[in-house]
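Note sheet for the following structure.
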Amino acid sequence: MTALALVAAKTVQVTDLNLYYGSFLAVEDVNITIEPNKVTALIGSSGCGKSTFLRSLNRMHELVPGARVEGEVLLDDEDIYDADPVSVRRRIGMVFQAPNPFPTMSIYDNVAAGIKLNHRRVKKAELDEIVERALRGAHLWDEVKDRLNKPGMGLSGGQQQRLCIARATAVEPDVLLMDEPASALDPIATLAIEELITELKKQYTIVIVTHNMQQASRASDITAFFNIEAAGRPGRLVEVDTTEKIFSNPSKQETEDYVSGRFG
Amino acid sequence: MHTPPQHKTPVDSPPRLEPAPAVAAPAAPARGRPPLPVAARRLPRWAPWAAVAAAALVAAVLTGLRLAPFAALTAILGGVGLYAWSRVVEGARHATDRGVTYAISAAFALALAPLVSLLWTVVERGLHRFDGQFFTWSMRGVIGEGGGAIHAIYGTLIITGCATLISVPVGILAAIYLQEYGTGRLKRALTFFVDVMTGIPSIVAGLFAFALFSLFFGPGIRLGIMGSVALSVLMIPIVVRSTEEMLRIVPNSLREAAYALGVPKWRTILKVVLPTALAGIVTGVMLAIARVIGETAPLLITAGVVTSVNTNPFDGRMANLAVFAFNSYKSPGVPPEPAIDRAWTAALVLILIVMTLNVVARLIYRRFGTEIR
C-alpha cells in the first residue's frame, strides 16, 4: 500500500461479538454493520460498553491485560481477528477522548508520525504533501502553517485534537474510530470537530462514541444505542437505525426513554 | 479580644467599615453565630527573627557561647518564645501555625548543619593545595612537598566512565523490561532483587568484582576495569529504579496513540516512550554516577593503589581520587602535612565533580524535560 493510494472506505461487519475483561463479560452479543462513508454514532449511558466496543474494532481492546474477544469483525471480507493487530491498526485509525499529541515532536512530526514511526520510505517532498493534505483536511493548516516546527503541545486543546485527527488521517486508514473526540473541548471547538467529521465521511467510514446526544443527532447518519441493565451486567446493543429514526421514532421503549432524557 | 488602635497591614481597610467590638455585635444574624472577627491582630513580619535573636542573646548569657549548648538553647528558647508571643497577640490558631512552621524550619536547619560544616571544612583545608601543580602532576617519585593527583583524576574519570558504559545499557534495558513487558512473578521477583541490590554494601560489590576477576586471572589481579565492574554493580539498580520511575510517568495515552497508528510495540517504546522520558532518564543516570564516583572501599581492593598515571583500564593498577585521599591520609609519610593537604584537596575536587554532575543533571532536566501531563 503506497502512501498516496486513494483508499475507498470500507464496511465493518460485526457478528456475535462478545467482549471480556478476564472472566467478566463487558459487552454481549453485538451484531452491527457499519456502513462506508457514513458516520455511525454510538450512544448510551456511562459504563455500557460503547468505548470497549469501539476499541475492539481496531484491536486496542486487547492491550488491556486479560481482555479478550469472541466473535467476528470483518473489514470488507477480511477478519481483523485473523490478521496481525499492528496491520489492523494501520488500516483502522483512532482518535482519543483527550488530545494526545506526542510531546517530543513538532506539529509536522506529529502528523508525519504514522509514516515516520513505521519507517515507510517516503520522499521529503511527498511527506510535505501528505502533512499539508492531512492538516488541511483537519482544518488546521492555516493556523499552523507558519509554525510547523513548533511543538504540538503548544497548541490549544481544540487545535491539539484536530492535530490528532490529522495524525490519524495522514496514514489514510480505511476506517476512523473516534472516542468522544469533543468531550474535552468547548462548544466552538466542538462545532469545528463536528464539521470536520461531516467532511471526513466523504473519504472514511467513521465510528464515533459520544455522550452528547445533540452531537449524535447533528453529526451522524446512523445511531447505535447501547444500554446496560444494571451495574455488573454486560452492555448490549439495543437498537441501531438511522439517526433520524432513533431520535424521532425509535422502535424500542428503552431507546426512546434514553434519547428523550427520561433516564441515564 | 479588641480591635487594635491602628492596623499594621495596609490591605485590610474595608473591614474598618465595621469598627469596634468584633464579637457579639447587636445585629447578629438570625442563626445566632457571631459575625466574622474583623482584621485580627498579627505579629510583625520580623517576629520570628526577633524571637531567635532574643533567644540567642539569652542563650549566650546562660551558656557563655559554647557552641553546642548555645545552638540548642537558642533553638528551643526561640520556638517557645515565638509561640508564647504569638499566643498572647494572635490567638491559639496562629500560635500553633507559627510553632509548627518554626519546628519545621529548625529541623531543616538541623539537617543542613552537618552539610554546611562538612563543605566548609573541606573547602577550607582543601584550598591549600588547590593549585596548578595538583592538576598537572602525578605522585610518581614525589616524596614530601609538591606532587599532584592527575593520575587519580584520570583514574576516577576513566573508572566511573567505564562503569557508566556498562550500567546504562543494562539498567535502561532492564527498566524497559520491567515497565513495558514484564508481568506476573518474574517481574515481581526482579523488582525485589533490584531493590535488594540497591542496598548492598559497596565493599560486597568490590569483593564480587575481585572474586570474579580472580577466577579468570588468578588472585592478586588489579585492573581499572575491575573497579568499573564493582561500581556498575552499585550503579545498575539505581539506573533501573530511576528509569523505571520515568517510564512509568509517560502517559499511557501516548502509547495508545502510537499503537492506533499501527506502530509496533518495540518501535513505540523506542520512538515515543523513551524520547518522552529521556531528560528524566539522563538525570537519573547523572545522579547514579554522582552516587558511585566517591566509592572508596570497592576500588581499594579492585583498582588498587598506584602513584603514576595509567589511562588503560585493562592494564594494571589505576588510582582514583577517593582511594588517593584515603591512602594519603592513612600513610602520609614524613612529614605528614603535605600528604594530608593533598588528601583534603582530592576530597574537594571530588565534591566539585559531584556538584558539577548534579548541576548538569538539573540543567538537562530543565532544558530538555518534556512537559508530561
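By order of appearance in the C-alpha cells: chains A, B, ..., then residues from 1 within every chain, and ligands from 1 in the order shown.
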- Item | Backbone-only DSSP, strand (DSSP E) members of segment 31-251 of chain A, as a PyMOL selection string | chain A and resi 31-34+39-43+67-75+78-79+92-95+175-179+205-209+222-228+235-242
- Message: Run DSSP on the backbone and tell me which residues of segment 121-198 of chain B come out as helix (DSSP H, G or I); list them as number ranges by chain.
- Response: B: 121-129, 132-136, 150-181, 184-198
With a cut-off of 6 Å and counting only C-alpha atoms, select all residues of chain A in contact with chain B and give the selection as a short mmCIF file (atom, residue, chain, number, x, y, z; two decimals) with C-alpha atoms, in the first residue's frame.
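Result written to result07.cif:
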data_model
loop_
_atom_site.label_atom_id
_atom_site.label_comp_id
_atom_site.auth_asym_id
_atom_site.auth_seq_id
_atom_site.Cartn_x
_atom_site.Cartn_y
_atom_site.Cartn_z
CA VAL A 86 -0.41 -3.94 14.10
CA ARG A 89 -4.42 -0.64 13.41
CA ARG A 90 -2.66 0.75 10.36
CA GLY A 93 -7.24 4.65 12.86
CA MET A 94 -8.33 6.09 16.16
CA THR A 104 8.61 15.36 21.98
CA GLY A 114 2.33 7.40 11.45
CA ASN A 118 6.52 2.92 10.64
#
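If you look at atom CA of Glu132 of chain A and atom CA of Val144 of chain A, they are 10.2 Å away from each other.
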- Message: Quick one: residues within 9 Å of Asn358 of chain B, only C-alpha atoms, excluding same-chain residues fewer than 2 positions away - as a PyMOL selection string?
- Response: chain B and resi 283+286-287+290+353-356+360-363
- In terms of only C-alpha atoms, the residue from A:Lys145, A:Lys202, A:Lys10, A:Lys150 at minimal distance from Pro173 of chain A is A:Lys10
- Item | Residues within 9 Å of Asn100 of chain A, only C-alpha atoms, excluding chain neighbours under 3 positions, as number ranges by chain | A: 95-97, 103, 153, 160-161, 164; B: 253-254, 257
- Query: Skipping near chain neighbours, those fewer than 5 positions away, what residues fall within 6 Å of segment 71-84 of chain A using only C-alpha atoms, listed as a list in words?
  - Reply: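 Surrounding residues, per the criterion: Lys10, Thr11, Val12, Gln13, Val14, Thr15, Asp16 and Leu17 of chain A.
With atom CA of Gly66 of chain A on one side and atom CA of Arg241 of chain B on the other, the separation reads 26.7 Å.
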- Pro335 of chain B: which residues within 10 Å, counting only C-alpha atoms, same-chain residues fewer than 5 positions away excluded, as a list of chain:residue names?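 Contacts, with the query itself left out: B:Ile143, B:Gly144, B:Glu145, B:Ile340.
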- Can you work out the spacing between atom CA of Asp174 of chain A and atom CA of Arg55 of chain A in Å, to one decimal? 15.5 Å
- Please identify all polymer residues within 8 Å of Ile197 of chain A, counting only C-alpha atoms, omitting same-chain residues fewer than 4 positions from it, and present them as a ChimeraX atom specification. /A:39,193,201,206,219
